[in-house]
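Chemist: Submitted below is the structure of interest, expressed as structure tokens.
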Amino acid sequence: MQKKSKTAFSFCNSVLERIRMNSFMSWVGGKKALRDAIVTRLPNSCDRYVEVFGGGGWVLFHKTPGKFEVYNDFNPNLANLYRCVRDHPDELCEELRYSLNSRTDFEHIREVLKSKTAIPDIKRAAYFYQIIRESYASGLDSFGAQPHNMWRNFPLITEASRRLQSVVIENKDFEKLISQYDRPNTIFYLDPPYYETEDYYEDVGFGRADHERLCNALMKIKGKFLLSYNDCPEIRELYSKEGIMIESTTRISNIAQRFDAGKQYPELLISNYDTHEEGILSRQLTLFDDFEESEKILKEHKIIWKSNVK
């Protein structure tokens, strides 16, 4: 009996590993390095998951699929890419099949996208994906000058298409999106443009007023939110409110690895619920998660603000 249980456990763990996948793309500020910490803190009590600033979708792809999930990004090219990956993966791969990894082609495509020329959705998605894959640090603005075999991305696109089949894809301002999907059983995960790094994101204006507008919107919701930010005095002050929990953590700085191996980047995890209590409860209710590892991840933080958190 014990042998069968171990076999069943191993099988279900392998299934879970296949569900928890990588994103099909990189993105500025992507949460690959923090995805375990974030997913471990998501409350099991909320069955509506809404990713407000989708970007590379690293948290969405890493979490266990739920019955109701929304991916949103205000960048229209990014939202279009996700729709094409979900609905037309084969056509998108075919469009990418003979793309050229060259500076001339890269600069031409950038100009076409910036000109707002009317082109079919699938071709626009292929152009944008090529720019993401071939730009330096996925910043979209400069050619990376690195060898890249586009065909190696095709299995990633196919796998992502399967994962996205039941995901609603939106292209809305965060305030309208939050208002539309807010319910007591909704968990909003938010990874906005970081404070004073807004210029890194093309086609998305996000200044001080937007950071304040985001905070005000989150203070009114019926559901729960988990928010990741860069650690700076302005954001600490903005969210030091009743009913809010602020944790400090760090992640590897991928860009800095080229000249400073092991460099850590300070981050904040902000929520309107106790992430440790919800995280432990979620892991207890999830049979196939590694409980000890999850508990270790939950403890790897420093609470810097906690005021009457539910």
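How things are named: the first chain in the structure tokens is A, the next is B, and so on; residues count from 1 in each chain; ligands count from 1 in the order shown.
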Sorted by chain and rising residue number, list the residues of range 85-169 of chain A at most 12 Å from range 48-52 of chain A (counting only C-alpha atoms), each with its closest atom pair and distance in Å to one decimal, as CSV.
Modeler:
```
residue,atom,partner,partner_atom,distance
A:Val167,CA,A:Val50,CA,9.7
A:Val168,CA,A:Val50,CA,9.2
A:Ile169,CA,A:Glu51,CA,9.8
```
Chemist: Need the shell around range 239-241 of chain A: protein/DNA/RNA residues with any atom at most 9 Å away, counting only C-alpha atoms. Skip same-chain ones fewer than 6 positions apart. Format as a ChimeraX atom specification?
Modeler: /A:215,270,305-307
Chemist: Those residues with N, CA and C atoms, as a CSV table (one decimal), in the first residue's frame please?
Modeler:
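Just written: result_35.csv:
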```
chain,number,residue,atom,x,y,z
A,215,CYS,N,-2.9,52.7,-5.9
A,215,CYS,CA,-3.1,52.5,-4.5
A,215,CYS,C,-4.5,52.8,-4.1
A,270,ILE,N,3.4,43.4,-1.2
A,270,ILE,CA,2.4,44.2,-0.5
A,270,ILE,C,1.0,43.5,-0.7
A,305,TRP,N,5.7,46.2,7.7
A,305,TRP,CA,4.5,46.9,8.0
A,305,TRP,C,3.4,45.9,8.1
A,306,LYS,N,2.6,45.9,9.1
A,306,LYS,CA,1.5,45.0,9.3
A,306,LYS,C,0.5,45.7,10.2
A,307,SER,N,-0.6,46.1,9.7
A,307,SER,CA,-1.6,46.9,10.5
A,307,SER,C,-3.0,46.3,10.3
```
Chemist: Can you list, as a list in words, every residue of range 137-230 of chain A that DSSP puts in strand (DSSP E or B)?
Modeler: Phe143, Val167, Val168, Ile169, Glu170, Thr186, Ile187, Phe188, Tyr189, Leu190, Lys224, Phe225, Leu226, Leu227, Ser228, Tyr229 and Asn230 of chain A
Chemist: Export, as an mmCIF file, in the first residue's frame, the selected residues with C-alpha atoms.
Modeler:
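Contents of result.cif, as written:
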```
data_model
loop_
_atom_site.group_PDB
_atom_site.id
_atom_site.type_symbol
_atom_site.label_atom_id
_atom_site.label_comp_id
_atom_site.auth_asym_id
_atom_site.auth_seq_id
_atom_site.Cartn_x
_atom_site.Cartn_y
_atom_site.Cartn_z
ATOM 1 C CA PHE A 143 19.259 44.946 -31.025
ATOM 2 C CA VAL A 167 -7.696 32.427 -19.839
ATOM 3 C CA VAL A 168 -9.482 35.701 -20.559
ATOM 4 C CA ILE A 169 -7.086 38.172 -22.226
ATOM 5 C CA GLU A 170 -7.746 41.870 -21.700
ATOM 6 C CA THR A 186 -10.960 37.501 -6.439
ATOM 7 C CA ILE A 187 -7.193 37.628 -5.949
ATOM 8 C CA PHE A 188 -5.504 40.356 -7.963
ATOM 9 C CA TYR A 189 -1.793 39.888 -8.609
ATOM 10 C CA LEU A 190 -0.184 43.152 -9.683
ATOM 11 C CA LYS A 224 -7.638 40.450 -2.102
ATOM 12 C CA PHE A 225 -4.490 41.703 -3.746
ATOM 13 C CA LEU A 226 -0.812 40.790 -3.831
ATOM 14 C CA LEU A 227 1.418 43.501 -5.240
ATOM 15 C CA SER A 228 5.121 43.397 -6.132
ATOM 16 C CA TYR A 229 7.158 46.606 -6.234
ATOM 17 C CA ASN A 230 10.687 47.904 -6.080
#
```
Chemist: So that I can see what lies close to Gly55 in chain A, please list as a VMD selection string the residues with an atom at most 7 Å from it, counting only C-alpha atoms and leaving out residues fewer than 2 positions away in the same chain.
Modeler: chain A and resid 27 30 53 57 73
Chemist: One decimal, in Å: what's the spacing between CA of Arg20 in chain A and CA of Ile122 in chain A?
Modeler: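 Going from CA of Arg20 in chain A over to CA of Ile122 in chain A, I get 26.6 Å.
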Chemist: Could you pull out the helix (DSSP H, G or I) residues of range 57-251 of chain A from DSSP and send them as a ChimeraX atom specification?
Modeler: /A:58-62,76-87,89-96,103-114,121-134,136-138,150-164,174-181,198-200,208-218,233-239
Chemist: For a quick check of understanding, using only C-alpha atoms, which of A:Leu81, A:Ala125, A:Met219, A:Ile38 has the smallest distance to Glu242 in chain A?
Modeler: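 Among A:Leu81, A:Ala125, A:Met219, A:Ile38, it is A:Met219 that comes nearest to Glu242 in chain A.
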Chemist: Tell me which of A:His108, A:Arg124, A:Arg103, A:Arg97 sits closest to Phe154 in chain A, counting only C-alpha atoms.
Modeler: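 Answer, going by the shortest atom-to-atom distance: A:Arg97.
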Chemist: Identify which of the residues A:Asp47, A:Ala37, A:Ser99, A:Pro155 lies closest to Ser248 in chain A, counting only C-alpha atoms when measuring atom-to-atom distances.
Modeler: A:Ala37
Chemist: A:Ala217, A:Met25, A:Pro193, A:Gly54: which is nearest Pro76 in chain A, counting only C-alpha atoms?
Modeler: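 Of the candidates, the smallest distance to Pro76 in chain A is held by A:Gly54.
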